[in-house]
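See below for run-v2.txt, which holds compact mmCIF, C-alpha atoms and all ligand atoms.
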# COMPACT_ATOMS: atom_id res chain seq x y z
CA MET V 6 1.10 -11.35 -25.43
CA THR V 7 4.05 -8.94 -25.06
CA LEU V 8 7.09 -10.93 -24.12
CA PRO V 9 10.22 -9.31 -22.71
CA ILE V 10 12.69 -10.37 -25.42
CA SER V 11 12.34 -9.27 -29.04
CA ALA V 12 11.04 -12.13 -31.20
CA ASP V 13 12.99 -10.63 -34.11
CA LEU V 14 16.23 -10.92 -32.18
CA ILE V 15 15.56 -14.59 -31.43
CA ALA V 16 14.62 -15.28 -35.06
CA GLU V 17 17.66 -13.45 -36.39
CA ARG V 18 20.11 -15.32 -34.13
CA ASN V 19 18.38 -18.64 -34.80
CA ALA V 20 18.74 -18.07 -38.55
CA ALA V 21 22.47 -17.56 -38.02
CA HIS V 22 22.80 -20.85 -36.10
CA LEU V 23 20.36 -22.97 -38.09
CA ASP V 24 22.72 -24.61 -40.61
CA ALA V 25 25.16 -25.73 -37.92
CA LEU V 26 22.31 -27.03 -35.78
CA GLU V 27 20.77 -29.02 -38.64
CA ASP V 28 24.19 -30.48 -39.35
CA ASP V 29 24.77 -31.51 -35.73
CA TYR V 30 21.22 -32.83 -35.37
CA ALA V 31 21.55 -34.94 -38.53
CA ALA V 32 24.90 -36.35 -37.37
CA LEU V 33 23.52 -37.25 -33.96
CA GLY V 34 20.40 -38.68 -35.63
CA ARG V 35 22.57 -41.01 -37.74
CA LYS V 36 24.55 -42.08 -34.70
CA LEU V 37 21.41 -42.83 -32.68
CA ALA V 38 19.78 -44.60 -35.64
CA ARG V 39 22.64 -47.12 -35.62
CA THR V 40 21.40 -48.25 -32.20
CA GLY V 41 17.76 -48.21 -33.26
CA ILE V 42 16.86 -44.88 -31.65
CA ASP V 43 14.72 -42.38 -33.54
CA ILE V 44 16.06 -38.92 -32.72
CA ASP V 45 12.75 -37.23 -33.50
CA ALA V 46 11.01 -39.41 -30.90
CA ILE V 47 13.54 -38.29 -28.29
CA LYS V 48 13.06 -34.68 -29.38
CA ALA V 49 9.30 -35.06 -28.88
CA LYS V 50 9.93 -36.31 -25.32
CA VAL V 51 12.24 -33.39 -24.63
CA ALA V 52 9.60 -31.01 -26.02
CA GLY V 53 7.15 -32.42 -23.46
CA PHE V 54 9.55 -31.96 -20.53
CA SER V 55 9.36 -28.96 -18.20
CA VAL V 56 10.76 -27.76 -14.91
CA ALA V 57 9.41 -24.93 -12.74
CA VAL V 58 11.53 -21.98 -11.64
CA PRO V 59 11.40 -20.53 -8.11
CA SER V 60 10.25 -16.93 -7.82
CA TRP V 61 12.94 -16.40 -5.18
CA GLY V 62 15.63 -17.62 -7.57
CA ALA V 63 15.14 -14.56 -9.77
CA GLY V 64 16.92 -12.32 -7.29
CA ARG V 65 20.54 -12.66 -6.27
CA GLY V 66 20.72 -14.89 -3.23
CA GLY V 67 23.19 -14.37 -0.49
CA THR V 68 25.01 -16.28 2.15
CA ARG V 69 25.04 -15.77 5.91
CA PHE V 70 27.89 -13.37 5.23
CA ALA V 71 26.66 -11.06 2.54
CA LYS V 72 24.56 -10.45 -0.48
CA PHE V 73 25.96 -8.78 -3.58
CA PRO V 74 23.00 -7.39 -5.51
CA ILE V 75 23.20 -6.58 -9.21
CA ALA V 76 21.64 -3.63 -10.95
CA GLY V 77 18.27 -4.47 -12.44
CA GLU V 78 17.48 -7.22 -9.96
CA PRO V 79 13.74 -7.77 -9.31
CA THR V 80 12.33 -6.52 -6.02
CA ASN V 81 8.75 -7.78 -6.20
CA ILE V 82 6.74 -10.66 -7.65
CA HIS V 83 5.80 -8.65 -10.74
CA GLU V 84 9.43 -8.08 -11.67
CA LYS V 85 10.28 -11.67 -10.77
CA LEU V 86 7.57 -12.88 -13.14
CA GLU V 87 8.99 -10.73 -15.89
CA ASP V 88 12.43 -12.31 -15.37
CA CYS V 89 10.90 -15.80 -15.30
CA ALA V 90 9.19 -14.94 -18.58
CA VAL V 91 12.61 -14.23 -20.10
CA ILE V 92 13.80 -17.66 -19.01
CA GLN V 93 10.73 -19.34 -20.47
CA GLN V 94 10.74 -17.31 -23.66
CA LEU V 95 14.32 -18.29 -24.45
CA SER V 96 14.41 -21.85 -23.05
CA ARG V 97 10.80 -23.02 -23.57
CA VAL V 98 11.30 -25.51 -20.78
CA THR V 99 10.26 -23.44 -17.71
CA PRO V 100 6.57 -22.55 -18.20
CA ARG V 101 5.70 -22.41 -14.50
CA VAL V 102 6.82 -20.35 -11.51
CA SER V 103 6.77 -21.61 -7.94
CA PRO V 104 5.84 -18.78 -5.57
CA HIS V 105 6.84 -18.45 -1.92
CA PHE V 106 4.62 -16.82 0.71
CA PRO V 107 4.59 -14.35 2.28
CA TRP V 108 7.48 -13.17 0.08
CA ASP V 109 5.22 -13.01 -3.00
CA LYS V 110 2.06 -11.70 -1.33
CA VAL V 111 -0.21 -9.39 -3.37
CA SER V 112 -3.74 -8.13 -2.81
CA ASP V 113 -5.27 -9.67 -5.96
CA TYR V 114 -4.23 -13.20 -6.92
CA LYS V 115 -6.65 -13.43 -9.82
CA ALA V 116 -4.86 -10.44 -11.34
CA LEU V 117 -1.47 -12.04 -10.61
CA ARG V 118 -2.53 -15.21 -12.39
CA ASP V 119 -3.65 -13.17 -15.41
CA GLU V 120 -0.42 -11.21 -15.33
CA ALA V 121 1.60 -14.44 -15.37
CA ALA V 122 -0.56 -15.85 -18.18
CA SER V 123 0.05 -12.70 -20.24
CA LEU V 124 3.76 -13.46 -19.91
CA GLY V 125 3.29 -17.07 -20.98
CA LEU V 126 3.57 -18.43 -17.44
CA GLY V 127 1.52 -20.49 -15.01
CA PHE V 128 2.07 -21.29 -11.34
CA ASP V 129 3.58 -24.40 -9.83
CA ALA V 130 3.68 -25.54 -6.18
CA VAL V 131 3.09 -22.87 -3.54
CA ASN V 132 5.70 -22.77 -0.78
CA SER V 133 4.92 -21.75 2.78
CA ASN V 134 7.42 -19.96 4.97
CA THR V 135 7.40 -20.63 8.69
CA PHE V 136 11.18 -20.47 8.90
CA GLN V 137 11.36 -16.68 9.29
CA ASP V 138 9.54 -14.09 11.32
CA GLN V 139 7.68 -11.36 9.45
CA GLN V 140 7.03 -7.78 10.53
CA GLY V 141 4.13 -7.66 12.94
CA GLN V 142 3.87 -11.43 13.35
CA ALA V 143 2.19 -12.41 16.61
CA HIS V 144 4.35 -15.42 17.54
CA THR V 145 8.02 -16.01 16.78
CA TYR V 146 9.31 -19.08 14.97
CA ALA V 147 12.61 -18.85 16.84
CA ASN V 148 11.76 -22.08 18.66
CA GLY V 149 10.08 -23.84 15.77
CA SER V 150 6.83 -23.58 13.86
CA LEU V 151 4.71 -26.72 13.34
CA SER V 152 6.71 -28.46 16.07
CA ALA V 153 6.96 -25.51 18.48
CA GLN V 154 6.22 -26.07 22.16
CA ASP V 155 3.86 -23.13 22.10
CA ALA V 156 0.37 -24.04 20.85
CA ALA V 157 -0.39 -20.54 19.52
CA THR V 158 2.81 -20.61 17.43
CA ARG V 159 1.83 -23.98 16.00
CA GLN V 160 -1.63 -22.67 15.15
CA GLN V 161 -0.13 -19.66 13.42
CA ALA V 162 2.04 -21.97 11.29
CA VAL V 163 -0.96 -24.15 10.42
CA ASP V 164 -3.03 -21.08 9.51
CA HIS V 165 -0.26 -19.76 7.27
CA ASN V 166 -0.09 -23.05 5.38
CA ILE V 167 -3.85 -23.09 4.93
CA GLU V 168 -3.69 -19.52 3.65
CA CYS V 169 -1.05 -20.69 1.15
CA ILE V 170 -3.44 -23.37 -0.10
CA GLU V 171 -6.15 -20.75 -0.55
CA ILE V 172 -3.78 -18.48 -2.46
CA GLY V 173 -2.59 -21.43 -4.53
CA GLN V 174 -6.14 -22.28 -5.51
CA GLN V 175 -6.54 -18.80 -6.94
CA LEU V 176 -3.25 -19.14 -8.81
CA GLY V 177 -4.06 -22.54 -10.29
CA SER V 178 -1.54 -24.52 -8.21
CA THR V 179 -2.24 -28.03 -6.99
CA ASP V 180 0.73 -28.63 -4.68
CA LEU V 181 1.73 -27.18 -1.32
CA THR V 182 5.40 -27.64 -0.47
CA VAL V 183 6.11 -27.60 3.24
CA TRP V 184 9.63 -27.20 4.48
CA VAL V 185 10.05 -26.19 8.11
CA GLY V 186 13.30 -24.98 9.60
CA ASP V 187 12.30 -26.57 12.91
CA GLY V 188 15.00 -28.34 14.86
CA THR V 189 17.60 -27.88 17.56
CA ASN V 190 21.12 -26.58 17.99
CA PHE V 191 21.91 -28.35 21.26
CA PRO V 192 21.58 -31.89 22.53
CA GLY V 193 18.70 -31.94 25.00
CA GLN V 194 17.11 -28.78 23.60
CA GLN V 195 13.94 -30.62 22.61
CA ASP V 196 12.55 -34.10 22.93
CA PHE V 197 12.93 -35.80 19.50
CA ALA V 198 9.72 -37.82 19.78
CA ARG V 199 7.51 -35.10 21.17
CA SER V 200 8.62 -32.48 18.64
CA LEU V 201 7.82 -34.92 15.82
CA ASP V 202 4.41 -35.60 17.41
CA ARG V 203 3.67 -31.89 17.41
CA TYR V 204 4.83 -31.55 13.78
CA LEU V 205 2.58 -34.44 12.72
CA GLU V 206 -0.42 -32.99 14.52
CA GLY V 207 0.01 -29.62 12.78
CA ALA V 208 0.75 -31.23 9.41
CA ALA V 209 -2.45 -33.28 9.74
CA GLN V 210 -4.47 -30.09 10.14
CA ILE V 211 -2.92 -28.69 6.97
CA TYR V 212 -3.50 -31.99 5.20
CA ALA V 213 -7.16 -31.86 6.18
CA ALA V 214 -7.48 -28.50 4.40
CA LEU V 215 -6.10 -29.83 1.07
CA PRO V 216 -8.57 -29.79 -1.82
CA ASP V 217 -9.20 -33.21 -3.39
CA ASP V 218 -6.82 -32.74 -6.29
CA TRP V 219 -4.01 -31.25 -4.20
CA ARG V 220 -0.85 -32.79 -2.81
CA MET V 221 1.23 -31.84 0.18
CA LEU V 222 4.94 -32.19 -0.57
CA LEU V 223 7.09 -32.71 2.50
CA GLU V 224 10.64 -31.44 2.04
CA HIS V 225 13.27 -32.89 4.33
CA LYS V 226 16.61 -31.29 5.17
CA MET V 227 19.24 -32.54 7.55
CA PHE V 228 20.58 -29.22 8.81
CA GLU V 229 20.27 -25.44 8.63
CA PRO V 230 19.08 -23.28 10.24
CA ALA V 231 19.09 -25.90 13.00
CA PHE V 232 22.49 -27.56 13.20
CA TYR V 233 22.11 -30.38 15.72
CA SER V 234 18.83 -31.94 14.62
CA THR V 235 15.93 -31.11 12.37
CA VAL V 236 12.41 -32.42 12.74
CA ILE V 237 12.10 -33.76 9.18
CA SER V 238 15.78 -34.47 8.74
CA ASP V 239 15.89 -37.14 6.07
CA TRP V 240 13.88 -39.21 3.61
CA GLY V 241 13.08 -41.71 6.35
CA SER V 242 11.37 -39.14 8.54
CA SER V 243 9.75 -37.68 5.46
CA ILE V 244 8.23 -40.93 4.19
CA LEU V 245 7.04 -41.90 7.67
CA ALA V 246 5.31 -38.54 8.02
CA ALA V 247 3.84 -38.82 4.51
CA GLN V 248 2.56 -42.33 5.22
CA GLU V 249 0.96 -41.21 8.45
CA LEU V 250 -0.68 -38.18 6.83
CA GLY V 251 -2.27 -40.04 3.92
CA PRO V 252 -2.19 -40.55 0.14
CA LYS V 253 -2.08 -36.87 -0.76
CA ALA V 254 1.16 -36.41 1.20
CA LYS V 255 4.33 -37.13 -0.78
CA CYS V 256 8.04 -36.55 -0.31
CA LEU V 257 10.02 -33.85 -2.06
CA VAL V 258 13.72 -34.39 -2.64
CA ASP V 259 15.86 -31.26 -2.63
CA LEU V 260 19.17 -32.51 -3.98
CA GLY V 261 21.15 -30.40 -1.51
CA HIS V 262 19.43 -31.60 1.63
CA HIS V 263 21.44 -34.73 2.36
CA ALA V 264 24.65 -35.70 4.06
CA PRO V 265 27.67 -35.55 1.74
CA ASN V 266 27.98 -38.51 -0.63
CA VAL V 267 24.54 -39.91 0.13
CA ASN V 268 23.20 -42.00 -2.76
CA ILE V 269 20.32 -39.72 -3.77
CA GLU V 270 19.33 -41.78 -6.81
CA GLN V 271 18.70 -44.72 -4.51
CA ILE V 272 16.54 -42.53 -2.27
CA VAL V 273 14.54 -41.64 -5.38
CA ALA V 274 14.02 -45.32 -6.15
CA ARG V 275 13.04 -46.08 -2.54
CA LEU V 276 10.49 -43.27 -2.33
CA HIS V 277 8.99 -44.38 -5.61
CA ARG V 278 8.81 -48.00 -4.46
CA PHE V 279 6.42 -46.89 -1.76
CA GLY V 280 4.45 -44.49 -3.97
CA LYS V 281 5.72 -41.46 -2.12
CA LEU V 282 7.95 -39.65 -4.62
CA GLY V 283 6.28 -36.25 -5.01
CA GLY V 284 8.86 -33.95 -6.49
CA PHE V 285 12.28 -32.40 -6.70
CA HIS V 286 14.12 -29.24 -5.95
CA PHE V 287 17.04 -29.31 -8.36
CA ASN V 288 20.34 -27.73 -7.46
CA ASP V 289 23.86 -28.95 -6.88
CA SER V 290 26.15 -28.98 -3.90
CA LYS V 291 29.78 -29.48 -3.05
CA TYR V 292 29.65 -29.43 0.74
CA GLY V 293 26.10 -29.06 2.05
CA ASP V 294 22.96 -27.19 1.05
CA ASP V 295 25.04 -24.97 -1.21
CA ASP V 296 22.20 -24.31 -3.68
CA LEU V 297 24.68 -24.22 -6.57
CA ASP V 298 23.55 -24.42 -10.17
CA SER V 299 22.09 -27.78 -11.20
CA GLY V 300 24.71 -30.14 -12.56
CA SER V 301 27.54 -27.63 -12.05
CA ILE V 302 29.35 -29.94 -9.61
CA ASN V 303 28.00 -33.41 -10.25
CA PRO V 304 26.07 -33.72 -13.53
CA HIS V 305 26.47 -37.49 -13.39
CA GLN V 306 24.39 -37.68 -10.23
CA LEU V 307 21.67 -35.64 -11.91
CA PHE V 308 21.71 -38.08 -14.83
CA LEU V 309 21.44 -41.03 -12.43
CA VAL V 310 18.46 -39.39 -10.72
CA PHE V 311 16.74 -39.07 -14.10
CA ASN V 312 17.66 -42.65 -14.89
CA GLU V 313 15.71 -43.72 -11.80
CA LEU V 314 12.82 -41.52 -12.87
CA ILE V 315 12.62 -43.30 -16.21
CA GLU V 316 12.69 -46.65 -14.41
CA ALA V 317 9.91 -45.33 -12.17
CA GLU V 318 7.88 -44.30 -15.19
CA LEU V 319 8.19 -47.83 -16.55
CA ASN V 320 6.93 -49.23 -13.24
CA PRO V 321 4.41 -46.62 -12.10
CA ARG V 322 3.06 -46.77 -8.58
CA ASP V 323 0.33 -44.76 -6.99
CA GLY V 324 -0.16 -41.95 -9.51
CA PHE V 325 3.50 -41.29 -10.24
CA ASN V 326 3.67 -37.64 -11.26
CA PRO V 327 6.65 -35.92 -9.67
CA SER V 328 6.89 -32.14 -9.81
CA TYR V 329 10.19 -30.77 -11.06
CA MET V 330 11.50 -27.50 -9.79
CA ILE V 331 14.75 -25.59 -9.59
CA ASP V 332 15.74 -24.35 -6.12
CA GLN V 333 19.03 -22.47 -6.32
CA SER V 334 20.68 -19.43 -4.80
CA HIS V 335 22.54 -17.35 -7.37
CA ASN V 336 25.15 -15.45 -5.46
CA VAL V 337 27.70 -14.55 -8.11
CA THR V 338 25.89 -14.85 -11.46
CA ASP V 339 22.97 -13.15 -13.15
CA PRO V 340 20.09 -15.35 -11.88
CA ILE V 341 18.48 -15.42 -15.33
CA GLU V 342 21.68 -16.79 -16.85
CA SER V 343 22.01 -19.37 -14.09
CA MET V 344 18.46 -20.57 -14.54
CA LEU V 345 18.81 -20.69 -18.33
CA SER V 346 21.94 -22.78 -17.95
CA SER V 347 20.44 -24.96 -15.19
CA ALA V 348 17.21 -25.62 -17.07
CA GLU V 349 19.30 -26.75 -20.03
CA THR V 350 21.41 -29.05 -17.86
CA ILE V 351 18.32 -30.60 -16.26
CA ALA V 352 16.69 -31.18 -19.64
CA GLN V 353 19.97 -32.65 -20.92
CA CYS V 354 20.02 -35.20 -18.09
CA PHE V 355 16.38 -36.02 -18.82
CA ALA V 356 17.24 -36.55 -22.50
CA LYS V 357 20.32 -38.67 -21.75
CA ALA V 358 18.29 -40.88 -19.43
CA GLN V 359 15.81 -41.40 -22.29
CA LEU V 360 18.70 -42.67 -24.41
CA VAL V 361 19.69 -45.50 -22.07
CA ASP V 362 19.25 -48.83 -23.83
CA ARG V 363 16.84 -50.29 -21.25
CA ALA V 364 16.85 -53.77 -22.78
CA ALA V 365 20.66 -53.87 -22.62
CA LEU V 366 20.65 -52.51 -19.07
CA HIS V 367 18.03 -54.92 -17.78
CA GLY V 368 19.58 -57.84 -19.67
CA ALA V 369 22.99 -57.14 -18.17
CA GLN V 370 21.43 -56.84 -14.72
CA GLU V 371 19.70 -60.18 -15.15
CA ALA V 372 22.93 -61.80 -16.30
CA ASN V 373 24.98 -60.26 -13.49
CA ASP V 374 27.10 -58.60 -16.16
CA THR V 375 28.25 -55.67 -14.10
CA MET V 376 30.44 -54.03 -16.72
CA MET V 377 27.82 -54.10 -19.47
CA ALA V 378 25.13 -52.80 -17.11
CA PHE V 379 27.40 -49.90 -16.26
CA GLN V 380 28.26 -49.38 -19.94
CA ALA V 381 24.56 -49.15 -20.82
CA LEU V 382 24.37 -46.10 -18.57
CA ARG V 383 27.78 -44.78 -19.60
CA ARG V 384 27.00 -44.86 -23.33
CA ALA V 385 23.94 -42.65 -22.82
CA TYR V 386 25.70 -40.33 -20.39
CA ASN V 387 28.54 -39.75 -22.86
CA LEU V 388 26.27 -38.62 -25.69
CA ASP V 389 26.10 -34.91 -26.44
CA VAL V 390 22.36 -34.25 -26.62
CA ALA V 391 22.65 -30.48 -27.06
CA PRO V 392 21.37 -30.53 -30.69
CA ILE V 393 18.18 -32.32 -29.57
CA LEU V 394 17.49 -29.70 -26.94
CA ALA V 395 18.34 -26.79 -29.22
CA LYS V 396 16.08 -28.06 -31.97
CA ALA V 397 13.16 -28.72 -29.60
CA ARG V 398 13.64 -25.24 -28.17
CA MET V 399 13.81 -23.55 -31.55
CA GLU V 400 10.69 -25.34 -32.78
CA ALA V 401 8.85 -24.12 -29.69
CA GLY V 402 9.89 -20.51 -30.41
CA GLY V 403 12.93 -20.36 -28.12
CA ALA V 404 16.53 -19.49 -28.85
CA ILE V 405 19.09 -21.97 -30.19
CA ASP V 406 21.77 -20.28 -28.08
CA VAL V 407 19.90 -19.03 -25.01
CA LEU V 408 22.75 -17.21 -23.33
CA GLU V 409 23.83 -15.45 -26.48
CA ALA V 410 20.29 -14.21 -27.16
CA TYR V 411 19.90 -13.12 -23.55
CA ARG V 412 23.12 -11.10 -23.58
CA LEU V 413 22.37 -9.52 -26.94
CA SER V 414 18.94 -8.46 -25.69
CA GLN V 415 20.59 -6.30 -23.02
CA TYR V 416 17.59 -7.13 -20.82
CA ARG V 417 19.40 -6.70 -17.52
CA GLY V 418 20.84 -3.35 -18.55
CA ARG V 419 17.37 -2.13 -19.51
CA LYS V 420 15.96 -3.30 -16.18
CA ALA V 421 18.80 -1.55 -14.37
CA GLN V 422 17.44 1.73 -15.79
CA GLU V 423 13.83 0.94 -14.82
CA ARG V 424 14.00 -0.84 -11.49
CA LYS V 425 14.79 0.50 -8.07
CA ALA V 426 18.06 -0.66 -6.57
CA VAL V 427 18.08 -3.56 -4.12
CA GLY V 428 19.44 -2.91 -0.64
CA LEU V 429 22.65 -4.60 0.40
CA GLY V 430 20.88 -6.86 2.87
CA ALA V 431 22.31 -8.18 6.05
CA GLY V 432 24.50 -11.18 6.51
CA ILE V 433 26.28 -11.86 9.78
CA VAL V 434 28.81 -9.13 9.03
C1 LIG V 501 15.27 -24.75 2.33
O1 LIG V 501 16.65 -24.74 2.34
C2 LIG V 501 14.72 -24.67 0.92
O2 LIG V 501 15.33 -25.65 0.13
C3 LIG V 501 13.22 -24.81 0.88
O3 LIG V 501 12.80 -25.36 -0.33
C4 LIG V 501 12.78 -23.40 0.96
O4 LIG V 501 11.49 -23.18 0.59
C5 LIG V 501 13.80 -22.72 0.08
O5 LIG V 501 15.01 -23.42 0.35
C6 LIG V 501 13.87 -21.27 0.38
O6 LIG V 501 15.03 -20.68 -0.06
MN MN V 502 14.27 -26.64 -1.47
Here is the file; what I need is its structure written in the form of structure tokens.
Ligand code: PSV
Ligand code: MN
Amino acid sequence: MTLPISADLIAERNAAHLDALEDDYAALGRKLARTGIDIDAIKAKVAGFSVAVPSWGAGRGGTRFAKFPIAGEPTNIHEKLEDCAVIQQLSRVTPRVSPHFPWDKVSDYKALRDEAASLGLGFDAVNSNTFQDQQGQAHTYANGSLSAQDAATRQQAVDHNIECIEIGQQLGSTDLTVWVGDGTNFPGQQDFARSLDRYLEGAAQIYAALPDDWRMLLEHKMFEPAFYSTVISDWGSSILAAQELGPKAKCLVDLGHHAPNVNIEQIVARLHRFGKLGGFHFNDSKYGDDDLDSGSINPHQLFLVFNELIEAELNPRDGFNPSYMIDQSHNVTDPIESMLSSAETIAQCFAKAQLVDRAALHGAQEANDTMMAFQALRRAYNLDVAPILAKARMEAGGAIDVLEAYRLSQYRGRKAQERKAVGLGAGIV
């Protein structure tokens, strides 16, 4: 396997950081031991944790206003895979890529799967795209896709999703994530009930095409591109649709797809309670669906989400196995650096949630001891788990300091020489 970053570089930098890491790890180990926690057991859990990266996250995103490409950005799935391989090689926590179709279309998916495997990668959920028109497409999605008034448009959207399942089977995926941009911009534009009926009818056809071991993940979003209403606007619509479709339909929570200040961790607990928590798109937001880097604005919320996931694991319902994925738009950073940093933040929140003293938390809850219940969470949140992550990463062949190794590798500069430049792209300006 030829990986994009020099193994010697990683080894050399790790050797330089090793003494300090061992020191920090031992100190944290002693601290945790005082509360009866075995640091090596937590490290083993961290080593077993992973989160998928989105193929579309490898390029610089853009806003409605503009896109600012960087030299060496990927322009096709092959280059995106190479960049995802860098993230996995250094972080050892992102072994799978989630592709988006038709953006990532190729003629030979068997070859694409082999190519990914040769880079140390597998494929995660396949994502369909009926929120954009493509060159030569017979029917426009301007008035919706699965919920469109026009039957031929709906059929086209169903067919595309079924094609995504077929592609996913060749890639080794077992999840189809369906997010539709369907909705309205004006009161009265569409009938709320009838558009949902049409969505459900189309979704049922897709559901019927799912292989036995597949899941259909329904992703809700309250606005954008439709700004008055969306068909699957919130977790309520999502769980109702998933319940109507059947056991293989689950809900996917994109952290940015809610109204400001909504209690997302409670939504997580609710969806789990009804056996419908299917997965996550991790990102952060300040105002809306900003797609900012995970934990960059509100790392505490991310920790609280993971806290609910640990509670869910302790009380499993209906094959609890949520898929974890990053879904971010990197407008002003090198996407590889953002995903390295985000993957670390996500794994940190996972690790911190593992460190919550569950007996103390549950005991305080039982006793109505509000302050001590809160402190059980606070104590874990305040711990610096970086040495656990770094050690798990190093033992798996990754870099102790991922960003340092990435910069020293000069990967982006090398790609800038090899790759064709990305166009400026069009925003509204
Ligand atoms: C929609 O905003 C979304 O979160 C969906 O997951 C899409 O597939 C993705 O973003 C595309 O950028
Ligand atoms: Mn998403």
Using only C-alpha atoms and all ligand atoms, what does the table of chain V residues within 9 Å of ligand LIG 501 (chain V) look like, with each row giving the shortest atom pair and its distance in Å to one decimal, sorted by chain and ascending number, as JSON lines?
{"residue": "V:Pro59", "atom": "CA", "partner": "V:LIG501", "partner_atom": "C5", "distance": 8.8}
{"residue": "V:Trp61", "atom": "CA", "partner": "V:LIG501", "partner_atom": "O6", "distance": 7.0}
{"residue": "V:Gly62", "atom": "CA", "partner": "V:LIG501", "partner_atom": "O6", "distance": 8.1}
{"residue": "V:Gly66", "atom": "CA", "partner": "V:LIG501", "partner_atom": "O6", "distance": 8.7}
{"residue": "V:His105", "atom": "CA", "partner": "V:LIG501", "partner_atom": "O4", "distance": 7.1}
{"residue": "V:Asn132", "atom": "CA", "partner": "V:LIG501", "partner_atom": "O4", "distance": 6.0}
{"residue": "V:Ser133", "atom": "CA", "partner": "V:LIG501", "partner_atom": "O4", "distance": 7.1}
{"residue": "V:Asn134", "atom": "CA", "partner": "V:LIG501", "partner_atom": "O4", "distance": 6.8}
{"residue": "V:Phe136", "atom": "CA", "partner": "V:LIG501", "partner_atom": "C4", "distance": 8.6}
{"residue": "V:Thr182", "atom": "CA", "partner": "V:LIG501", "partner_atom": "O4", "distance": 7.6}
{"residue": "V:Val183", "atom": "CA", "partner": "V:LIG501", "partner_atom": "O4", "distance": 7.5}
{"residue": "V:Trp184", "atom": "CA", "partner": "V:LIG501", "partner_atom": "C3", "distance": 5.6}
{"residue": "V:Val185", "atom": "CA", "partner": "V:LIG501", "partner_atom": "C1", "distance": 7.9}
{"residue": "V:Gly186", "atom": "CA", "partner": "V:LIG501", "partner_atom": "C1", "distance": 7.5}
{"residue": "V:Glu224", "atom": "CA", "partner": "V:LIG501", "partner_atom": "O3", "distance": 6.9}
{"residue": "V:His225", "atom": "CA", "partner": "V:LIG501", "partner_atom": "C1", "distance": 8.6}
{"residue": "V:Lys226", "atom": "CA", "partner": "V:LIG501", "partner_atom": "O1", "distance": 7.1}
{"residue": "V:Phe228", "atom": "CA", "partner": "V:LIG501", "partner_atom": "O1", "distance": 8.8}
{"residue": "V:Glu229", "atom": "CA", "partner": "V:LIG501", "partner_atom": "O1", "distance": 7.3}
{"residue": "V:Pro230", "atom": "CA", "partner": "V:LIG501", "partner_atom": "O1", "distance": 8.4}
{"residue": "V:Asp259", "atom": "CA", "partner": "V:LIG501", "partner_atom": "O2", "distance": 6.3}
{"residue": "V:Leu260", "atom": "CA", "partner": "V:LIG501", "partner_atom": "O2", "distance": 8.9}
{"residue": "V:Gly261", "atom": "CA", "partner": "V:LIG501", "partner_atom": "O2", "distance": 7.7}
{"residue": "V:His262", "atom": "CA", "partner": "V:LIG501", "partner_atom": "O2", "distance": 7.4}
{"residue": "V:His286", "atom": "CA", "partner": "V:LIG501", "partner_atom": "O3", "distance": 7.0}
{"residue": "V:Asp294", "atom": "CA", "partner": "V:LIG501", "partner_atom": "O1", "distance": 6.9}
{"residue": "V:Asp296", "atom": "CA", "partner": "V:LIG501", "partner_atom": "O2", "distance": 8.0}
{"residue": "V:Asp332", "atom": "CA", "partner": "V:LIG501", "partner_atom": "O2", "distance": 6.4}
{"residue": "V:Gln333", "atom": "CA", "partner": "V:LIG501", "partner_atom": "O6", "distance": 7.6}
{"residue": "V:Ser334", "atom": "CA", "partner": "V:LIG501", "partner_atom": "O6", "distance": 7.5}
- Query: What does the distance between CA of Arg39 (chain V) and CA of Ala365 (chain V) come to in Å, to one decimal place?
  - Reply: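 Going from CA of Arg39 (chain V) over to CA of Ala365 (chain V) covers 14.8 Å.
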- Have a look at V:Leu23, V:Leu223, V:Ile82, V:Leu37 and name the one nearest to ligand MN 502 (chain V); count only C-alpha atoms and all ligand atoms.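 With only C-alpha atoms and all ligand atoms as the atom set, the closest residue is V:Leu223.
Every protein or nucleic acid residue with an atom no more than 8 Å from region 274-277 of chain V, counting only C-alpha atoms and leaving out same-chain residues fewer than 5 positions away, appears here: Trp240, Ile244, Cys256, Leu282, Glu313, Leu314, Ala317, Arg322 and Phe325 of chain V.
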- region 145-150 of chain V environment, 12 Å, only C-alpha atoms, sequence neighbours closer than 6 positions dropped, as a PyMOL selection string: chain V and resi 133-139+156-166+183-190+194-195+200-201+203-208+230-231+234-236
- Task: Excluding Asp113 (chain V) and any residue of its chain fewer than 5 positions from it, enumerate the residues within 12 Å of it, using all atoms listed in the file, and give them as a list in words.
- Result: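 Listing them by chain and then by number gives Arg118, Asp119, Glu120, Ile172, Gln175 and Leu176 of chain V.
Our summary of the geometry notes that CA of Ile269 (chain V) is positioned 20.6 Å from CA of Thr375 (chain V).
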- Task: Go through V:Ser242, V:Asn288, V:Asn268, V:Ser346 one by one, measure the shortest atom-to-atom distance of each to ligand MN 502 (chain V) using all atoms listed in the file, and give the residue with the smallest value.
- Result: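 Closest candidate: V:Asn288.
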- Would you work out the distance separating CA of Asn266 (chain V) from CA of Asn312 (chain V), expressed in Å to one decimal? 18.1 Å
- Message: If we count all atoms listed in the file and set the cut-off at 12 Å, which residues sit around Glu17 (chain V), ignoring sequence neighbours fewer than 6 positions away in its own chain? Please answer as a list of chain:residue names.
- Response: V:Ser11, V:Leu23, V:Met399, V:Gly403, V:Ala404, V:Ile405, V:Asp406, V:Glu409, V:Ala410, V:Leu413, V:Ser414
- Fewer than 3 positions away in the same chain doesn't count, so skip those; otherwise give me all residues within 8 Å of Cys89 (chain V), counting only C-alpha atoms, as JSON, numbers by chain. {"V": [58, 60, 63, 85, 86, 92, 93, 102, 341]}
